[in-house]
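This is upload.tsv (TSV, C-alpha atoms).
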chain	number	residue	atom	x	y	z
A	1	MET	CA	-24.61	-6.60	6.74
A	2	SER	CA	-23.17	-6.04	3.27
A	3	THR	CA	-25.25	-4.89	0.34
A	4	SER	CA	-25.49	-6.93	-2.85
A	5	THR	CA	-23.23	-4.40	-4.59
A	6	GLU	CA	-20.56	-4.86	-1.93
A	7	GLN	CA	-21.02	-8.61	-2.12
A	8	GLU	CA	-20.54	-8.60	-5.90
A	9	ARG	CA	-17.49	-6.38	-5.62
A	10	GLU	CA	-15.90	-8.71	-3.06
A	11	GLU	CA	-16.86	-12.11	-4.46
A	12	GLY	CA	-17.42	-11.46	-8.15
A	13	LEU	CA	-15.09	-11.56	-11.12
A	14	ALA	CA	-16.05	-8.19	-12.60
A	15	PHE	CA	-13.26	-5.61	-12.55
A	16	ARG	CA	-15.01	-2.71	-10.79
A	17	PRO	CA	-12.47	-0.40	-9.14
A	18	LYS	CA	-13.94	1.66	-6.30
A	19	PHE	CA	-12.47	5.12	-6.85
A	20	ASP	CA	-12.35	7.63	-4.00
A	21	ALA	CA	-13.76	11.16	-4.15
A	22	SER	CA	-10.71	12.21	-6.21
A	23	GLY	CA	-11.21	9.35	-8.68
A	24	LEU	CA	-8.25	7.34	-7.41
A	25	VAL	CA	-7.38	3.92	-6.05
A	26	THR	CA	-4.27	3.22	-3.98
A	27	CYS	CA	-1.55	1.16	-5.63
A	28	VAL	CA	1.20	-0.78	-3.86
A	29	ALA	CA	4.13	-1.83	-6.03
A	30	THR	CA	6.36	-4.64	-4.77
A	31	ASP	CA	9.58	-6.00	-6.20
A	32	ALA	CA	8.78	-9.28	-7.97
A	33	ALA	CA	12.31	-10.44	-7.18
A	34	ASN	CA	12.16	-10.26	-3.38
A	35	GLY	CA	8.74	-9.03	-2.23
A	36	ALA	CA	9.98	-5.68	-0.88
A	37	VAL	CA	7.49	-2.82	-1.05
A	38	LEU	CA	8.91	-0.33	-3.55
A	39	MET	CA	6.32	2.45	-3.39
A	40	VAL	CA	2.74	3.40	-2.62
A	41	ALA	CA	1.04	5.64	-5.18
A	42	HIS	CA	-2.30	6.23	-6.87
A	43	MET	CA	-3.99	5.33	-10.12
A	44	ASP	CA	-6.99	6.91	-11.78
A	45	GLU	CA	-9.15	5.10	-14.31
A	46	GLU	CA	-6.83	5.99	-17.20
A	47	ALA	CA	-3.69	4.93	-15.32
A	48	LEU	CA	-5.31	1.59	-14.52
A	49	ARG	CA	-6.36	1.11	-18.14
A	50	LYS	CA	-2.95	2.01	-19.53
A	51	THR	CA	-1.16	-0.20	-16.99
A	52	ILE	CA	-3.33	-3.19	-17.90
A	53	ALA	CA	-3.08	-2.55	-21.64
A	54	SER	CA	0.68	-1.89	-21.77
A	55	GLY	CA	2.04	-4.06	-18.95
A	56	GLU	CA	4.01	-1.01	-17.70
A	57	ALA	CA	3.06	0.92	-14.58
A	58	TRP	CA	1.20	4.23	-15.01
A	59	TYR	CA	0.18	6.36	-12.05
A	60	PHE	CA	-1.71	9.54	-11.31
A	61	SER	CA	0.34	12.14	-9.46
A	62	ARG	CA	-1.74	14.01	-6.90
A	63	SER	CA	0.91	16.72	-6.46
A	64	ARG	CA	1.26	17.34	-10.20
A	65	ASN	CA	-2.38	16.49	-10.95
A	66	ALA	CA	-1.27	14.51	-13.98
A	67	LEU	CA	-1.14	11.05	-15.45
A	68	TRP	CA	2.40	9.73	-15.39
A	69	ARG	CA	4.16	6.74	-16.88
A	70	LYS	CA	6.58	5.46	-14.24
A	71	GLY	CA	10.09	6.14	-15.50
A	72	GLU	CA	9.12	8.56	-18.28
A	73	THR	CA	11.61	11.12	-16.91
A	74	SER	CA	14.00	8.92	-14.95
A	75	GLY	CA	14.02	5.83	-17.18
A	76	GLN	CA	13.30	3.74	-14.06
A	77	THR	CA	10.31	1.87	-15.50
A	78	GLN	CA	8.24	-0.89	-13.93
A	79	ARG	CA	7.15	-3.97	-15.88
A	80	VAL	CA	4.07	-5.50	-14.30
A	81	VAL	CA	4.39	-9.23	-13.61
A	82	GLU	CA	1.02	-9.54	-11.86
A	83	MET	CA	-1.77	-7.20	-10.79
A	84	ARG	CA	-4.22	-7.96	-8.02
A	85	MET	CA	-7.29	-6.18	-6.60
A	86	ASP	CA	-8.22	-6.19	-2.94
A	87	CYS	CA	-11.54	-7.28	-1.46
A	88	ASP	CA	-13.46	-4.02	-1.90
A	89	GLN	CA	-11.55	-3.03	-5.05
A	90	ASP	CA	-10.19	0.26	-3.76
A	91	ALA	CA	-6.56	-0.90	-3.72
A	92	VAL	CA	-4.32	-2.52	-6.32
A	93	TRP	CA	-1.17	-4.56	-5.76
A	94	ILE	CA	1.30	-4.85	-8.61
A	95	ARG	CA	4.36	-7.08	-8.54
A	96	VAL	CA	6.90	-5.47	-10.83
A	97	GLU	CA	10.30	-5.84	-12.38
A	98	GLN	CA	11.85	-2.53	-11.40
A	99	VAL	CA	14.46	-1.03	-13.69
A	100	GLY	CA	16.91	0.71	-11.35
A	101	ALA	CA	15.23	2.55	-8.50
A	102	ALA	CA	11.57	3.18	-7.69
A	103	CYS	CA	12.09	6.20	-5.43
A	104	HIS	CA	12.54	9.78	-6.68
A	105	THR	CA	15.40	10.10	-4.17
A	106	GLY	CA	17.33	7.55	-6.24
A	107	ARG	CA	16.87	4.68	-3.81
A	108	LYS	CA	15.57	1.27	-4.82
A	109	SER	CA	12.52	1.53	-2.55
A	110	CYS	CA	10.75	4.55	-1.06
A	111	PHE	CA	10.81	2.66	2.25
A	112	TYR	CA	14.49	3.18	3.02
A	113	ARG	CA	14.04	4.03	6.71
A	114	LYS	CA	12.66	1.92	9.52
A	115	VAL	CA	10.79	3.19	12.56
A	116	GLU	CA	12.41	2.52	15.91
A	117	LYS	CA	10.64	2.80	19.23
A	118	VAL	CA	12.34	5.19	21.62
A	119	ASP	CA	11.29	6.54	25.01
A	120	GLY	CA	7.81	7.93	24.54
A	121	GLY	CA	8.00	8.06	20.77
A	122	ALA	CA	9.75	6.95	17.62
A	123	ARG	CA	12.76	7.70	15.50
A	124	LEU	CA	13.86	6.68	12.01
A	125	ALA	CA	16.98	4.77	10.99
A	126	PHE	CA	18.25	4.16	7.47
A	127	VAL	CA	18.09	0.57	6.29
A	128	ASP	CA	19.15	1.41	2.74
A	129	SER	CA	20.73	4.76	2.01
A	130	GLU	CA	22.34	3.81	-1.32
A	131	ARG	CA	21.26	5.92	-4.28
A	132	LEU	CA	21.12	4.11	-7.61
A	133	PHE	CA	20.88	7.41	-9.46
A	134	ASP	CA	21.46	11.07	-8.69
A	135	PRO	CA	18.09	12.84	-8.58
A	136	ASP	CA	19.74	16.20	-9.26
A	137	LYS	CA	21.02	14.89	-12.57
A	138	VAL	CA	17.93	12.91	-13.53
A	139	TYR	CA	15.15	15.39	-12.70
A	140	ARG	CA	16.77	18.81	-13.12
A	141	LYS	CA	18.73	18.48	-16.30
B	142	MET	CA	13.01	22.16	-6.12
B	143	SER	CA	12.12	20.75	-2.69
B	144	THR	CA	11.67	22.90	0.39
B	145	SER	CA	13.82	22.42	3.47
B	146	THR	CA	10.83	20.85	5.25
B	147	GLU	CA	10.43	18.31	2.46
B	148	GLN	CA	14.17	17.72	2.48
B	149	GLU	CA	14.17	17.06	6.23
B	150	ARG	CA	11.20	14.75	5.94
B	151	GLU	CA	12.89	12.72	3.20
B	152	GLU	CA	16.47	12.63	4.46
B	153	GLY	CA	16.14	13.15	8.21
B	154	LEU	CA	15.69	10.74	11.08
B	155	ALA	CA	12.79	12.51	12.77
B	156	PHE	CA	9.55	10.56	12.73
B	157	ARG	CA	7.19	13.12	11.19
B	158	PRO	CA	4.20	11.41	9.56
B	159	LYS	CA	2.51	13.52	6.90
B	160	PHE	CA	-1.18	13.03	7.58
B	161	ASP	CA	-3.74	13.75	4.86
B	162	ALA	CA	-6.74	16.08	5.24
B	163	SER	CA	-8.51	13.34	7.22
B	164	GLY	CA	-5.54	12.90	9.56
B	165	LEU	CA	-4.49	9.57	8.08
B	166	VAL	CA	-1.49	7.85	6.52
B	167	THR	CA	-1.76	4.78	4.29
B	168	CYS	CA	-0.47	1.52	5.73
B	169	VAL	CA	0.55	-1.56	3.77
B	170	ALA	CA	0.83	-4.78	5.76
B	171	THR	CA	2.86	-7.62	4.28
B	172	ASP	CA	3.33	-11.17	5.51
B	173	ALA	CA	6.78	-11.39	7.15
B	174	ALA	CA	6.88	-15.06	6.17
B	175	ASN	CA	6.59	-14.67	2.40
B	176	GLY	CA	6.32	-10.98	1.45
B	177	ALA	CA	2.71	-11.19	0.22
B	178	VAL	CA	0.67	-8.02	0.63
B	179	LEU	CA	-2.01	-8.83	3.19
B	180	MET	CA	-3.97	-5.56	3.27
B	181	VAL	CA	-3.93	-1.82	2.68
B	182	ALA	CA	-5.51	0.28	5.42
B	183	HIS	CA	-5.08	3.59	7.25
B	184	MET	CA	-3.63	4.79	10.52
B	185	ASP	CA	-4.25	8.03	12.37
B	186	GLU	CA	-1.81	9.46	14.89
B	187	GLU	CA	-3.19	7.36	17.72
B	188	ALA	CA	-3.13	4.12	15.68
B	189	LEU	CA	0.51	4.80	14.76
B	190	ARG	CA	1.40	5.51	18.38
B	191	LYS	CA	-0.35	2.40	19.70
B	192	THR	CA	1.18	0.20	16.98
B	193	ILE	CA	4.68	1.41	17.83
B	194	ALA	CA	4.14	1.15	21.59
B	195	SER	CA	2.46	-2.27	21.60
B	196	GLY	CA	4.04	-4.04	18.63
B	197	GLU	CA	0.54	-5.03	17.46
B	198	ALA	CA	-1.17	-3.41	14.47
B	199	TRP	CA	-3.82	-0.77	15.15
B	200	TYR	CA	-5.70	0.97	12.35
B	201	PHE	CA	-8.26	3.69	11.84
B	202	SER	CA	-11.39	2.54	10.04
B	203	ARG	CA	-12.70	5.18	7.66
B	204	SER	CA	-16.04	3.39	7.26
B	205	ARG	CA	-16.60	3.03	11.02
B	206	ASN	CA	-14.75	6.27	11.86
B	207	ALA	CA	-13.04	4.51	14.73
B	208	LEU	CA	-9.70	3.35	16.01
B	209	TRP	CA	-9.41	-0.41	15.76
B	210	ARG	CA	-6.98	-3.00	17.03
B	211	LYS	CA	-6.52	-5.53	14.24
B	212	GLY	CA	-8.09	-8.78	15.41
B	213	GLU	CA	-10.04	-7.34	18.34
B	214	THR	CA	-13.24	-8.94	17.02
B	215	SER	CA	-11.88	-11.74	14.85
B	216	GLY	CA	-8.85	-12.74	16.91
B	217	GLN	CA	-6.75	-12.44	13.72
B	218	THR	CA	-4.06	-10.17	15.19
B	219	GLN	CA	-0.89	-8.87	13.55
B	220	ARG	CA	2.43	-8.77	15.38
B	221	VAL	CA	4.71	-6.16	13.85
B	222	VAL	CA	8.17	-7.45	12.94
B	223	GLU	CA	9.32	-4.20	11.32
B	224	MET	CA	7.81	-0.83	10.48
B	225	ARG	CA	9.12	1.46	7.76
B	226	MET	CA	8.21	4.96	6.54
B	227	ASP	CA	8.33	6.04	2.94
B	228	CYS	CA	10.24	9.01	1.52
B	229	ASP	CA	7.66	11.72	2.20
B	230	GLN	CA	6.31	10.00	5.32
B	231	ASP	CA	2.72	9.65	4.15
B	232	ALA	CA	2.82	5.86	3.91
B	233	VAL	CA	3.85	3.12	6.33
B	234	TRP	CA	4.91	-0.43	5.55
B	235	ILE	CA	4.61	-3.02	8.30
B	236	ARG	CA	5.91	-6.57	8.01
B	237	VAL	CA	3.74	-8.69	10.27
B	238	GLU	CA	3.22	-12.14	11.67
B	239	GLN	CA	-0.42	-12.65	10.80
B	240	VAL	CA	-2.50	-14.86	13.07
B	241	GLY	CA	-4.93	-16.61	10.74
B	242	ALA	CA	-6.34	-14.35	8.04
B	243	ALA	CA	-5.96	-10.61	7.40
B	244	CYS	CA	-9.09	-10.17	5.29
B	245	HIS	CA	-12.59	-9.68	6.69
B	246	THR	CA	-13.80	-12.22	4.10
B	247	GLY	CA	-11.80	-14.87	5.97
B	248	ARG	CA	-9.04	-15.10	3.40
B	249	LYS	CA	-5.37	-14.84	4.29
B	250	SER	CA	-4.85	-11.72	2.15
B	251	CYS	CA	-7.31	-9.11	0.88
B	252	PHE	CA	-5.63	-9.52	-2.53
B	253	TYR	CA	-7.19	-12.90	-3.40
B	254	ARG	CA	-8.00	-12.04	-7.03
B	255	LYS	CA	-5.72	-11.15	-9.89
B	256	VAL	CA	-6.54	-8.85	-12.78
B	257	GLU	CA	-6.47	-10.41	-16.22
B	258	LYS	CA	-6.38	-8.46	-19.45
B	259	VAL	CA	-9.24	-9.32	-21.78
B	260	ASP	CA	-10.38	-7.77	-25.05
B	261	GLY	CA	-10.74	-4.07	-24.38
B	262	GLY	CA	-10.73	-4.38	-20.63
B	263	ALA	CA	-10.06	-6.55	-17.61
B	264	ARG	CA	-11.51	-9.35	-15.57
B	265	LEU	CA	-10.71	-10.86	-12.17
B	266	ALA	CA	-9.71	-14.44	-11.38
B	267	PHE	CA	-9.34	-16.02	-7.96
B	268	VAL	CA	-5.80	-16.90	-6.94
B	269	ASP	CA	-6.78	-17.88	-3.39
B	270	SER	CA	-10.39	-18.50	-2.56
B	271	GLU	CA	-9.81	-20.46	0.65
B	272	ARG	CA	-11.42	-19.00	3.76
B	273	LEU	CA	-9.52	-19.54	7.00
B	274	PHE	CA	-12.55	-18.49	9.03
B	275	ASP	CA	-16.24	-18.00	8.43
B	276	PRO	CA	-17.00	-14.27	8.54
B	277	ASP	CA	-20.68	-14.96	9.32
B	278	LYS	CA	-19.64	-16.72	12.51
B	279	VAL	CA	-16.85	-14.34	13.49
B	280	TYR	CA	-18.52	-10.97	12.91
B	281	ARG	CA	-22.24	-11.60	13.42
B	282	LYS	CA	-22.35	-13.75	16.53
The structure given in the file should be rewritten as structure tokens.
Amino acid sequence: MSTSTEQEREEGLAFRPKFDASGLVTCVATDAANGAVLMVAHMDEEALRKTIASGEAWYFSRSRNALWRKGETSGQTQRVVEMRMDCDQDAVWIRVEQVGAACHTGRKSCFYRKVEKVDGGARLAFVDSERLFDPDKVYRK
Amino acid sequence: MSTSTEQEREEGLAFRPKFDASGLVTCVATDAANGAVLMVAHMDEEALRKTIASGEAWYFSRSRNALWRKGETSGQTQRVVEMRMDCDQDAVWIRVEQVGAACHTGRKSCFYRKVEKVDGGARLAFVDSERLFDPDKVYRK
């Protein structure tokens, strides 16, 4: 069912990221301290290379179309404790030591609201509204 | 800097998923027992709706172009303990009780290999090679 290329990618030890049409893989960053998901972002080949080489998280911003060292503006850097690839090598999981907050809203994690089932649909509720920094001060100075 | 729509999406309580050009959001599933990332996949509007309504994870397979209840072939279902949305509502995090293994290779997590820095590049190493089921038996019977 799977081709030999797929088989090698899934069972081999060669680092062969499978980039999408935009040249990106998905990256999930979790807090090494407690396992919480901090953010979901993307890496291109250069971001992957720089992350591995430096031990600090680099991403590729789709909205700004630019390589970006996490924390270069905000100071909220991520030190990579471990990096893993998924089966088909189109997603990366990094466990990080987060300085301050991962989210551009100033919150520790981007996932600060939970989804609650309501009649015929869903609604959000804050689980963590605390801001560790003021985005107006950090990004617009 | 942000529009009122972006502001509402980030700070409001309305459930307003931001689907990409293919009608999908990214979903990260973690193990409710230990915080490990099990898989990264995608959900369309229907998969989101069915997941919320049923409390079991549904996804949209890009390769098969089809809605898919996790475990419908393998029996390896995911019961959703909590669902969260990220800041701009284009990614979902579900904490799940995983029956058996999340990965189609039979392993608990899709992230069974870590990335190791080597001279001028990277290499993978298994951190969990154990298969909890035999994919040849489960998917090709």
Output as a PyMOL selection string the set of chain B residues within 9 Å of chain A, with distances taken over only C-alpha atoms.
-> chain B and resi 142+151+153-157+167+169+171+175-178+180-181+190+193-194+223-229+232-234+244-246+250-258+261-267+281
Could you take the residues named above and write them with C-alpha atoms, as a PDB file, in the coordinates of the input?
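And here is the file that came out, out25.pdb:
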ATOM      1  CA  MET B 142      13.010  22.160  -6.120  1.00  0.00           C
ATOM      2  CA  GLU B 151      12.890  12.720   3.200  1.00  0.00           C
ATOM      3  CA  GLY B 153      16.140  13.150   8.210  1.00  0.00           C
ATOM      4  CA  LEU B 154      15.690  10.740  11.080  1.00  0.00           C
ATOM      5  CA  ALA B 155      12.790  12.510  12.770  1.00  0.00           C
ATOM      6  CA  PHE B 156       9.550  10.560  12.730  1.00  0.00           C
ATOM      7  CA  ARG B 157       7.190  13.120  11.190  1.00  0.00           C
ATOM      8  CA  THR B 167      -1.760   4.780   4.290  1.00  0.00           C
ATOM      9  CA  VAL B 169       0.550  -1.560   3.770  1.00  0.00           C
ATOM     10  CA  THR B 171       2.860  -7.620   4.280  1.00  0.00           C
ATOM     11  CA  ASN B 175       6.590 -14.670   2.400  1.00  0.00           C
ATOM     12  CA  GLY B 176       6.320 -10.980   1.450  1.00  0.00           C
ATOM     13  CA  ALA B 177       2.710 -11.190   0.220  1.00  0.00           C
ATOM     14  CA  VAL B 178       0.670  -8.020   0.630  1.00  0.00           C
ATOM     15  CA  MET B 180      -3.970  -5.560   3.270  1.00  0.00           C
ATOM     16  CA  VAL B 181      -3.930  -1.820   2.680  1.00  0.00           C
ATOM     17  CA  ARG B 190       1.400   5.510  18.380  1.00  0.00           C
ATOM     18  CA  ILE B 193       4.680   1.410  17.830  1.00  0.00           C
ATOM     19  CA  ALA B 194       4.140   1.150  21.590  1.00  0.00           C
ATOM     20  CA  GLU B 223       9.320  -4.200  11.320  1.00  0.00           C
ATOM     21  CA  MET B 224       7.810  -0.830  10.480  1.00  0.00           C
ATOM     22  CA  ARG B 225       9.120   1.460   7.760  1.00  0.00           C
ATOM     23  CA  MET B 226       8.210   4.960   6.540  1.00  0.00           C
ATOM     24  CA  ASP B 227       8.330   6.040   2.940  1.00  0.00           C
ATOM     25  CA  CYS B 228      10.240   9.010   1.520  1.00  0.00           C
ATOM     26  CA  ASP B 229       7.660  11.720   2.200  1.00  0.00           C
ATOM     27  CA  ALA B 232       2.820   5.860   3.910  1.00  0.00           C
ATOM     28  CA  VAL B 233       3.850   3.120   6.330  1.00  0.00           C
ATOM     29  CA  TRP B 234       4.910  -0.430   5.550  1.00  0.00           C
ATOM     30  CA  CYS B 244      -9.090 -10.170   5.290  1.00  0.00           C
ATOM     31  CA  HIS B 245     -12.590  -9.680   6.690  1.00  0.00           C
ATOM     32  CA  THR B 246     -13.800 -12.220   4.100  1.00  0.00           C
ATOM     33  CA  SER B 250      -4.850 -11.720   2.150  1.00  0.00           C
ATOM     34  CA  CYS B 251      -7.310  -9.110   0.880  1.00  0.00           C
ATOM     35  CA  PHE B 252      -5.630  -9.520  -2.530  1.00  0.00           C
ATOM     36  CA  TYR B 253      -7.190 -12.900  -3.400  1.00  0.00           C
ATOM     37  CA  ARG B 254      -8.000 -12.040  -7.030  1.00  0.00           C
ATOM     38  CA  LYS B 255      -5.720 -11.150  -9.890  1.00  0.00           C
ATOM     39  CA  VAL B 256      -6.540  -8.850 -12.780  1.00  0.00           C
ATOM     40  CA  GLU B 257      -6.470 -10.410 -16.220  1.00  0.00           C
ATOM     41  CA  LYS B 258      -6.380  -8.460 -19.450  1.00  0.00           C
ATOM     42  CA  GLY B 261     -10.740  -4.070 -24.380  1.00  0.00           C
ATOM     43  CA  GLY B 262     -10.730  -4.380 -20.630  1.00  0.00           C
ATOM     44  CA  ALA B 263     -10.060  -6.550 -17.610  1.00  0.00           C
ATOM     45  CA  ARG B 264     -11.510  -9.350 -15.570  1.00  0.00           C
ATOM     46  CA  LEU B 265     -10.710 -10.860 -12.170  1.00  0.00           C
ATOM     47  CA  ALA B 266      -9.710 -14.440 -11.380  1.00  0.00           C
ATOM     48  CA  PHE B 267      -9.340 -16.020  -7.960  1.00  0.00           C
ATOM     49  CA  ARG B 281     -22.240 -11.600  13.420  1.00  0.00           C
TER      50      ARG B 281
END
Protein/DNA/RNA residues near (-6.0, 8.9, 15.2), cut 10 Å, only C-alpha atoms, as JSON, numbers by chain | {"B": [160, 163, 164, 165, 166, 183, 184, 185, 186, 187, 188, 189, 190, 191, 199, 200, 201, 202, 206, 207, 208, 209]}
With distances taken over all atoms listed in the file, which of B:Thr192, B:Glu149, B:Ala162, B:Phe274 is nearest to B:Gln217?
->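 That would be B:Phe274, the residue with the smallest distance to B:Gln217.
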Close residues, B:Gln219 itself excluded, 9 Å, all atoms listed in the file, min 2 positions apart in chain, as a list in words =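 That gives Ala170, Gly196, Glu197, Ala198, Trp199, Lys211, Gly212, Gln217, Val221, Val237, Glu238, Gln239, Val240 and Ala243 of chain B.
The gap separating atom CA of B:Glu271 from atom CA of A:Arg79 is 28.9 Å, in Å to one decimal.
Here atom CA of A:Pro135 is placed at a distance of 19.9 Å from atom CA of A:Arg62.
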To one decimal in Å, tell me the separation between atom CA of A:Asp128 and atom CA of B:Pro158.
-> 19.2 Å
Selected residue of minimal separation from A:Lys137 among A:Thr3, A:Arg64, A:Ala33, A:Thr73, counting all atoms listed in the file =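 Under the stated criterion, the closest residue is A:Thr73.
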